[in-house]
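Participant: Before anything else, here's the structure in question.
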Amino acid sequence: MPPNSPSPLERNLLLRSLPPVERSRLLPPAEVVTLVRGDVLFEPGDEVTAMIFPLDGTVVSLIVPLEEGRTIETATVGREGALGGVVSQGYLPAFNRAVVQMGGAAVRLDAARMQAAKRTSLPIRNALVRYADCLLAQVVQSVACNAAHPIEQRCARWVLALHDRLATDVLPITQDMLAEMLGVRRTYLSGILNRLQAQGLIEMGRARITVRDRPALQAASCECHRRVQEHFALVLGATFTPAGTLVALDPDGAPDPLATHGAISA
């Protein structure tokens, strides 16, 4: 590792938000693994034996496979979060499929080790419970979005969610991958992307989509993306750059829900 470079546990925003002494509880045996695009981390019914914390540009999608063959994405997880036994003790069956969309590095922690850390560390427990609440909010909002909003808005929302998690305007996503996430045919999606490109919001290339006008893309999206961002800010103390990139979490600095409830009730 080059001098002064961040440790693996600091390359995940959720882990970085922990005080150093609390992060040290996870070492060893935290293991850095390489995830490859298309890797399936778990399938419905699989026993979840580890937590995965994506690093840097690694992105994993939580997907619900339907019996008819289609799949629908319900949440996107990048370096801001974690997958597998976030609240539970682990070793429980997974409900959905976790597929790597953007390959790269991730930290893998044994579920039993993580459970022990949660029992002995209030900051770790607080961070994970708050993140679980934000992950649930993303899933619930995605369900509402899929049911109520047209595919054009859903497409813009998905591109924005990916843009939030990558420190670049160039998103390494193919039309086939995006069509699968949205549960539509590629030919149908191509027409939508062509319209977004004609409006100057994005630019399509080989195996990539470049964001050209994020404010206009936000205007073309529904309220779902904004609502999830706001919830991350309220519950996890998320900080976003003007360009929309999620750069920091501060769960201990987020509002105290009891204090907030008292202020509202007073």
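Residue numbering restarts at 1 in every chain; chains get A, B, ... in the order shown in the structure tokens, and ligands count up from 1 in that same order.
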Fewer than 4 positions away in the same chain doesn't count, so skip those; otherwise give me all residues within 12 Å of Val107 in chain A, counting only C-alpha atoms, as a PDB file with N, CA and C atoms, in the first residue's frame.

Facilitator:
```pdb
ATOM      1  N   SER A   7      -6.470   3.081   4.625  1.00  0.00           N
ATOM      2  CA  SER A   7      -6.593   1.646   4.828  1.00  0.00           C
ATOM      3  C   SER A   7      -7.872   1.158   4.160  1.00  0.00           C
ATOM      4  N   PRO A   8      -7.978  -0.141   3.883  1.00  0.00           N
ATOM      5  CA  PRO A   8      -9.204  -0.648   3.258  1.00  0.00           C
ATOM      6  C   PRO A   8     -10.469  -0.265   4.008  1.00  0.00           C
ATOM      7  N   LEU A   9     -10.417  -0.290   5.357  1.00  0.00           N
ATOM      8  CA  LEU A   9     -11.616   0.025   6.127  1.00  0.00           C
ATOM      9  C   LEU A   9     -12.006   1.495   6.010  1.00  0.00           C
ATOM     10  N   GLU A  10     -11.089   2.345   5.560  1.00  0.00           N
ATOM     11  CA  GLU A  10     -11.410   3.759   5.368  1.00  0.00           C
ATOM     12  C   GLU A  10     -11.896   4.054   3.960  1.00  0.00           C
ATOM     13  N   ARG A  11     -11.861   3.063   3.087  1.00  0.00           N
ATOM     14  CA  ARG A  11     -12.311   3.257   1.708  1.00  0.00           C
ATOM     15  C   ARG A  11     -13.793   2.910   1.544  1.00  0.00           C
ATOM     16  N   ASN A  12     -14.425   2.529   2.624  1.00  0.00           N
ATOM     17  CA  ASN A  12     -15.874   2.364   2.673  1.00  0.00           C
ATOM     18  C   ASN A  12     -16.400   3.458   3.606  1.00  0.00           C
ATOM     19  N   LEU A  13     -17.354   4.262   3.143  1.00  0.00           N
ATOM     20  CA  LEU A  13     -17.790   5.424   3.911  1.00  0.00           C
ATOM     21  C   LEU A  13     -18.441   5.042   5.234  1.00  0.00           C
ATOM     22  N   LEU A  14     -19.163   3.934   5.260  1.00  0.00           N
ATOM     23  CA  LEU A  14     -19.807   3.515   6.503  1.00  0.00           C
ATOM     24  C   LEU A  14     -18.759   3.122   7.535  1.00  0.00           C
ATOM     25  N   LEU A  15     -17.736   2.377   7.114  1.00  0.00           N
ATOM     26  CA  LEU A  15     -16.663   2.000   8.031  1.00  0.00           C
ATOM     27  C   LEU A  15     -15.805   3.205   8.403  1.00  0.00           C
ATOM     28  N   LEU A  26     -12.564  -4.539  14.162  1.00  0.00           N
ATOM     29  CA  LEU A  26     -12.834  -5.377  12.987  1.00  0.00           C
ATOM     30  C   LEU A  26     -11.564  -5.945  12.375  1.00  0.00           C
ATOM     31  N   LEU A  27     -10.420  -5.615  12.947  1.00  0.00           N
ATOM     32  CA  LEU A  27      -9.135  -6.104  12.425  1.00  0.00           C
ATOM     33  C   LEU A  27      -8.397  -6.902  13.482  1.00  0.00           C
ATOM     34  N   PRO A  28      -7.781  -8.039  13.095  1.00  0.00           N
ATOM     35  CA  PRO A  28      -8.224  -8.861  11.979  1.00  0.00           C
ATOM     36  C   PRO A  28      -9.573  -9.519  12.324  1.00  0.00           C
ATOM     37  N   PRO A  29     -10.236 -10.227  11.466  1.00  0.00           N
ATOM     38  CA  PRO A  29      -9.758 -10.768  10.210  1.00  0.00           C
ATOM     39  C   PRO A  29     -10.436 -10.152   8.982  1.00  0.00           C
ATOM     40  N   ALA A  30     -10.612  -8.824   8.931  1.00  0.00           N
ATOM     41  CA  ALA A  30     -11.185  -8.219   7.737  1.00  0.00           C
ATOM     42  C   ALA A  30     -10.350  -8.609   6.521  1.00  0.00           C
ATOM     43  N   GLU A  31     -11.017  -9.013   5.466  1.00  0.00           N
ATOM     44  CA  GLU A  31     -10.345  -9.509   4.270  1.00  0.00           C
ATOM     45  C   GLU A  31     -10.758  -8.668   3.071  1.00  0.00           C
ATOM     46  N   VAL A  32      -9.777  -8.204   2.293  1.00  0.00           N
ATOM     47  CA  VAL A  32     -10.072  -7.464   1.068  1.00  0.00           C
ATOM     48  C   VAL A  32     -10.191  -8.467  -0.074  1.00  0.00           C
ATOM     49  N   VAL A  33     -11.334  -8.424  -0.750  1.00  0.00           N
ATOM     50  CA  VAL A  33     -11.588  -9.346  -1.860  1.00  0.00           C
ATOM     51  C   VAL A  33     -11.846  -8.534  -3.122  1.00  0.00           C
ATOM     52  N   THR A  34     -11.671  -9.177  -4.264  1.00  0.00           N
ATOM     53  CA  THR A  34     -11.934  -8.544  -5.549  1.00  0.00           C
ATOM     54  C   THR A  34     -13.229  -9.110  -6.118  1.00  0.00           C
ATOM     55  N   LEU A  35     -14.173  -8.225  -6.383  1.00  0.00           N
ATOM     56  CA  LEU A  35     -15.452  -8.626  -6.959  1.00  0.00           C
ATOM     57  C   LEU A  35     -15.441  -8.318  -8.454  1.00  0.00           C
ATOM     58  N   ALA A  50     -21.380 -13.785   5.647  1.00  0.00           N
ATOM     59  CA  ALA A  50     -20.421 -12.679   5.725  1.00  0.00           C
ATOM     60  C   ALA A  50     -21.093 -11.378   5.334  1.00  0.00           C
ATOM     61  N   MET A  51     -20.539 -10.272   5.826  1.00  0.00           N
ATOM     62  CA  MET A  51     -20.943  -8.946   5.390  1.00  0.00           C
ATOM     63  C   MET A  51     -19.934  -8.443   4.379  1.00  0.00           C
ATOM     64  N   ILE A  52     -20.424  -7.784   3.335  1.00  0.00           N
ATOM     65  CA  ILE A  52     -19.578  -7.253   2.286  1.00  0.00           C
ATOM     66  C   ILE A  52     -19.701  -5.732   2.288  1.00  0.00           C
ATOM     67  N   PHE A  53     -18.563  -5.047   2.363  1.00  0.00           N
ATOM     68  CA  PHE A  53     -18.521  -3.590   2.326  1.00  0.00           C
ATOM     69  C   PHE A  53     -17.810  -3.166   1.043  1.00  0.00           C
ATOM     70  N   PRO A  54     -18.535  -2.719   0.007  1.00  0.00           N
ATOM     71  CA  PRO A  54     -17.878  -2.295  -1.237  1.00  0.00           C
ATOM     72  C   PRO A  54     -16.934  -1.112  -1.001  1.00  0.00           C
ATOM     73  N   LEU A  55     -15.851  -1.077  -1.750  1.00  0.00           N
ATOM     74  CA  LEU A  55     -14.882   0.014  -1.664  1.00  0.00           C
ATOM     75  C   LEU A  55     -14.874   0.807  -2.965  1.00  0.00           C
ATOM     76  N   ASP A  56     -14.506   2.071  -2.862  1.00  0.00           N
ATOM     77  CA  ASP A  56     -14.278   2.921  -4.030  1.00  0.00           C
ATOM     78  C   ASP A  56     -15.414   2.800  -5.049  1.00  0.00           C
ATOM     79  N   THR A  58     -16.797   0.143  -6.472  1.00  0.00           N
ATOM     80  CA  THR A  58     -17.521  -1.128  -6.505  1.00  0.00           C
ATOM     81  C   THR A  58     -19.007  -0.881  -6.194  1.00  0.00           C
ATOM     82  N   GLY A  78     -23.127   0.899  -2.813  1.00  0.00           N
ATOM     83  CA  GLY A  78     -21.748   1.198  -3.181  1.00  0.00           C
ATOM     84  C   GLY A  78     -20.903   1.368  -1.941  1.00  0.00           C
ATOM     85  N   ARG A  79     -19.916   2.249  -2.039  1.00  0.00           N
ATOM     86  CA  ARG A  79     -18.976   2.409  -0.926  1.00  0.00           C
ATOM     87  C   ARG A  79     -19.605   3.071   0.296  1.00  0.00           C
ATOM     88  N   GLY A  81     -22.153   1.710   1.863  1.00  0.00           N
ATOM     89  CA  GLY A  81     -22.931   0.765   2.641  1.00  0.00           C
ATOM     90  C   GLY A  81     -22.375  -0.621   2.744  1.00  0.00           C
ATOM     91  N   ALA A  82     -23.279  -1.573   2.952  1.00  0.00           N
ATOM     92  CA  ALA A  82     -22.887  -2.957   3.202  1.00  0.00           C
ATOM     93  C   ALA A  82     -24.019  -3.877   2.780  1.00  0.00           C
ATOM     94  N   LEU A  83     -23.679  -5.162   2.627  1.00  0.00           N
ATOM     95  CA  LEU A  83     -24.661  -6.189   2.264  1.00  0.00           C
ATOM     96  C   LEU A  83     -24.450  -7.411   3.144  1.00  0.00           C
TER      97      LEU A  83
END
```

Participant: Residues near range 222-239 of chain A, anyone? I mean within 6 Å using only C-alpha atoms, not counting same-chain ones fewer than 4 positions away, as a ChimeraX atom specification.

Facilitator: /A:134,138,153,157,246-251,254

Participant: Which of these, A:Leu128, A:Ala156, A:Val184, A:Val60, has the shortest distance to Val36 in chain A once you count only C-alpha atoms?

Facilitator: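 Using only C-alpha atoms, the shortest distance to Val36 in chain A belongs to A:Val60.
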
Participant: If DSSP is run on the backbone, what residues of range 9-250 of chain A are strand (DSSP E)? A reply as a VMD selection string would be ideal.

Facilitator: chain A and resid 31 to 35 40 to 42 50 to 54 59 to 65 71 to 77 97 to 102 104 to 110 170 to 171 202 to 205 208 to 211 239 to 240 246 to 248

Participant: Considering only C-alpha atoms, state which residue in the set A:Asp164, A:Pro6, A:Gln101, A:Glu73 is at the smallest distance from Phe240 in chain A.

Facilitator: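 Closest candidate: A:Asp164.
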